[in-house]
Amino acid sequence: MVSSRIPSVIALSCLTNAATAFVVQQPTGIKGATHAMVKDDNVEMSRRVVFSKSAATAASIASVITGNPGLAFAAKTGPTPAELERIKTGYERMCYLLDNFDQETTICRENGGECKRDADPVRKYMGLRSTTDPLFQIEKVFDKIKYMDIDPDNLEPIFEASEEWNTAVNMSNSMAFISQFGEYNPGGGKDEVLKYLEESKKQVVLAKSALEKIMTGLELL
């Protein structure tokens, strides 16, 4: 039986050999010192590249020995087609919410009963109410984008937009939550419900804008 520690030992050996493969003899003198500094920078860069590649190679070796291919690739997989479809579906739902905001955030009792504004649908459309909502924990999908084969120039705007998304979603959630209890808080009332509901809507607009930037970078729009 192969010891479970062997893959780790082999992987560590691969990384160690790669890291020590670049040994530079330092030149002497002023010109030599300057040359050495530049060369050191280049060597350090090379070490980083080789270390990165060696880490992947070591993981591959370990995966072969253990018979577990997921060991090498599980953490470096881009979003699945189904996950990208969740982004598109969530975006369409957000557009619908904003186009029908008053209707979607108004609940009436049956048989012509009293109607009141309710911010809970905002949280549902933003993926904050159920694990089946398309945008539920969608930030985990955003995190996988860096492993996709896309234009590198698109990555930075996508990462910035994902941060904007997180901020807008958190603020929208907070405003919607306050609105739900605004009528019952001391000094509150229907005006407070509407006030925070509108604040929540503003954050939904910002979240939608952030999602559009991400979809543009992914060529989903």
# chains A, B, ... in the order shown; residues from 1 in each chain; ligands from 1
$ residues_around --residues "Glu199 in chain A" --least-positions-apart "3" --cutoff "8 Å" --atoms "only C-alpha atoms" --output "JSON, numbers by chain"
{"A": [172, 175, 195, 196, 202, 203]}
$ residues_around --residues "Glu139 in chain A" --least-positions-apart "6" --cutoff "9 Å" --atoms "only C-alpha atoms" --output "PyMOL selection string"
chain A and resi 162+165-166
$ residues_around --residues "Lys144 in chain A" --least-positions-apart "3" --cutoff "10 Å" --atoms "only C-alpha atoms" --output "list in words"
Ala75, Lys76, Thr77, Gly78, Pro79, Thr80, Glu139, Lys140, Val141, Tyr147 and Met148 of chain A
$ write_last_selection --atoms "N, CA, C and O atoms" --output "PDB file, in the first residue's frame"
ATOM      1  N   ALA A  75      -9.578  23.687  -7.592  1.00  0.00           N
ATOM      2  CA  ALA A  75      -9.570  25.087  -7.159  1.00  0.00           C
ATOM      3  C   ALA A  75      -9.350  26.053  -8.312  1.00  0.00           C
ATOM      4  O   ALA A  75      -9.348  27.251  -8.117  1.00  0.00           O
ATOM      5  N   LYS A  76      -9.168  25.544  -9.536  1.00  0.00           N
ATOM      6  CA  LYS A  76      -8.843  26.423 -10.654  1.00  0.00           C
ATOM      7  C   LYS A  76      -9.824  26.221 -11.807  1.00  0.00           C
ATOM      8  O   LYS A  76      -9.431  26.117 -12.961  1.00  0.00           O
ATOM      9  N   THR A  77     -11.068  26.143 -11.481  1.00  0.00           N
ATOM     10  CA  THR A  77     -12.108  25.942 -12.483  1.00  0.00           C
ATOM     11  C   THR A  77     -12.961  27.193 -12.590  1.00  0.00           C
ATOM     12  O   THR A  77     -13.401  27.741 -11.588  1.00  0.00           O
ATOM     13  N   GLY A  78     -13.183  27.650 -13.822  1.00  0.00           N
ATOM     14  CA  GLY A  78     -14.027  28.816 -14.040  1.00  0.00           C
ATOM     15  C   GLY A  78     -15.487  28.481 -13.828  1.00  0.00           C
ATOM     16  O   GLY A  78     -15.850  27.325 -13.580  1.00  0.00           O
ATOM     17  N   PRO A  79     -16.363  29.479 -13.913  1.00  0.00           N
ATOM     18  CA  PRO A  79     -17.800  29.240 -13.736  1.00  0.00           C
ATOM     19  C   PRO A  79     -18.333  28.264 -14.783  1.00  0.00           C
ATOM     20  O   PRO A  79     -17.887  28.269 -15.928  1.00  0.00           O
ATOM     21  N   THR A  80     -19.271  27.448 -14.389  1.00  0.00           N
ATOM     22  CA  THR A  80     -19.915  26.532 -15.323  1.00  0.00           C
ATOM     23  C   THR A  80     -20.939  27.302 -16.154  1.00  0.00           C
ATOM     24  O   THR A  80     -21.349  28.408 -15.783  1.00  0.00           O
ATOM     25  N   GLU A 139     -21.432  35.874  -5.468  1.00  0.00           N
ATOM     26  CA  GLU A 139     -20.045  36.337  -5.367  1.00  0.00           C
ATOM     27  C   GLU A 139     -19.057  35.173  -5.487  1.00  0.00           C
ATOM     28  O   GLU A 139     -17.901  35.364  -5.893  1.00  0.00           O
ATOM     29  N   LYS A 140     -19.489  33.963  -5.133  1.00  0.00           N
ATOM     30  CA  LYS A 140     -18.619  32.792  -5.288  1.00  0.00           C
ATOM     31  C   LYS A 140     -18.383  32.488  -6.761  1.00  0.00           C
ATOM     32  O   LYS A 140     -17.314  32.009  -7.147  1.00  0.00           O
ATOM     33  N   VAL A 141     -19.383  32.754  -7.575  1.00  0.00           N
ATOM     34  CA  VAL A 141     -19.232  32.595  -9.025  1.00  0.00           C
ATOM     35  C   VAL A 141     -18.288  33.664  -9.564  1.00  0.00           C
ATOM     36  O   VAL A 141     -17.426  33.386 -10.401  1.00  0.00           O
ATOM     37  N   TYR A 147     -10.256  32.391 -13.357  1.00  0.00           N
ATOM     38  CA  TYR A 147      -9.757  31.175 -13.977  1.00  0.00           C
ATOM     39  C   TYR A 147     -10.291  30.985 -15.399  1.00  0.00           C
ATOM     40  O   TYR A 147      -9.996  29.977 -16.032  1.00  0.00           O
ATOM     41  N   MET A 148     -11.069  31.944 -15.882  1.00  0.00           N
ATOM     42  CA  MET A 148     -11.616  31.839 -17.228  1.00  0.00           C
ATOM     43  C   MET A 148     -10.604  32.321 -18.270  1.00  0.00           C
ATOM     44  O   MET A 148      -9.718  33.126 -17.972  1.00  0.00           O
TER      45      MET A 148
END
$ residues_around --residues "Gln103 in chain A" --least-positions-apart "3" --cutoff "12 Å" --atoms "only C-alpha atoms" --output "MDAnalysis selection string"
chainID A and resid 96:100 106:108 115:119 121:122
$ write_last_selection --atoms "N, CA and C atoms" --output "mmCIF file, in the first residue's frame"
data_model
loop_
_atom_site.group_PDB
_atom_site.id
_atom_site.type_symbol
_atom_site.label_atom_id
_atom_site.label_comp_id
_atom_site.auth_asym_id
_atom_site.auth_seq_id
_atom_site.Cartn_x
_atom_site.Cartn_y
_atom_site.Cartn_z
ATOM 1 N N TYR A 96 -36.616 43.459 -13.958
ATOM 2 C CA TYR A 96 -38.064 43.373 -13.758
ATOM 3 C C TYR A 96 -38.466 44.055 -12.450
ATOM 4 N N LEU A 97 -37.682 43.831 -11.408
ATOM 5 C CA LEU A 97 -37.986 44.451 -10.108
ATOM 6 C C LEU A 97 -37.999 45.966 -10.235
ATOM 7 N N LEU A 98 -36.988 46.528 -10.865
ATOM 8 C CA LEU A 98 -36.902 47.985 -10.981
ATOM 9 C C LEU A 98 -38.003 48.548 -11.873
ATOM 10 N N ASP A 99 -38.378 47.798 -12.900
ATOM 11 C CA ASP A 99 -39.446 48.258 -13.798
ATOM 12 C C ASP A 99 -40.827 48.172 -13.143
ATOM 13 N N ASN A 100 -40.933 47.331 -12.132
ATOM 14 C CA ASN A 100 -42.232 47.119 -11.473
ATOM 15 C C ASN A 100 -42.084 47.231 -9.958
ATOM 16 N N THR A 106 -45.559 46.007 -2.999
ATOM 17 C CA THR A 106 -46.855 46.311 -2.387
ATOM 18 C C THR A 106 -47.634 45.014 -2.195
ATOM 19 N N ILE A 107 -48.064 44.783 -0.983
ATOM 20 C CA ILE A 107 -48.817 43.565 -0.663
ATOM 21 C C ILE A 107 -50.188 43.968 -0.132
ATOM 22 N N CYS A 108 -51.206 43.365 -0.730
ATOM 23 C CA CYS A 108 -52.584 43.668 -0.323
ATOM 24 C C CYS A 108 -53.236 42.414 0.258
ATOM 25 N N CYS A 115 -53.686 47.518 1.809
ATOM 26 C CA CYS A 115 -52.422 47.320 1.095
ATOM 27 C C CYS A 115 -51.302 48.041 1.845
ATOM 28 N N LYS A 116 -50.132 47.455 1.843
ATOM 29 C CA LYS A 116 -48.987 48.108 2.477
ATOM 30 C C LYS A 116 -47.718 47.767 1.716
ATOM 31 N N ARG A 117 -46.730 48.618 1.886
ATOM 32 C CA ARG A 117 -45.451 48.412 1.204
ATOM 33 C C ARG A 117 -44.606 47.433 2.004
ATOM 34 N N ASP A 118 -43.902 46.577 1.281
ATOM 35 C CA ASP A 118 -43.091 45.527 1.912
ATOM 36 C C ASP A 118 -41.771 45.404 1.152
ATOM 37 N N ALA A 119 -40.660 45.526 1.867
ATOM 38 C CA ALA A 119 -39.341 45.491 1.234
ATOM 39 C C ALA A 119 -38.784 44.084 1.085
ATOM 40 N N PRO A 121 -39.559 41.577 -0.875
ATOM 41 C CA PRO A 121 -39.271 41.154 -2.252
ATOM 42 C C PRO A 121 -37.920 41.661 -2.777
ATOM 43 N N VAL A 122 -37.470 42.804 -2.281
ATOM 44 C CA VAL A 122 -36.161 43.319 -2.699
ATOM 45 C C VAL A 122 -35.076 42.319 -2.335
#
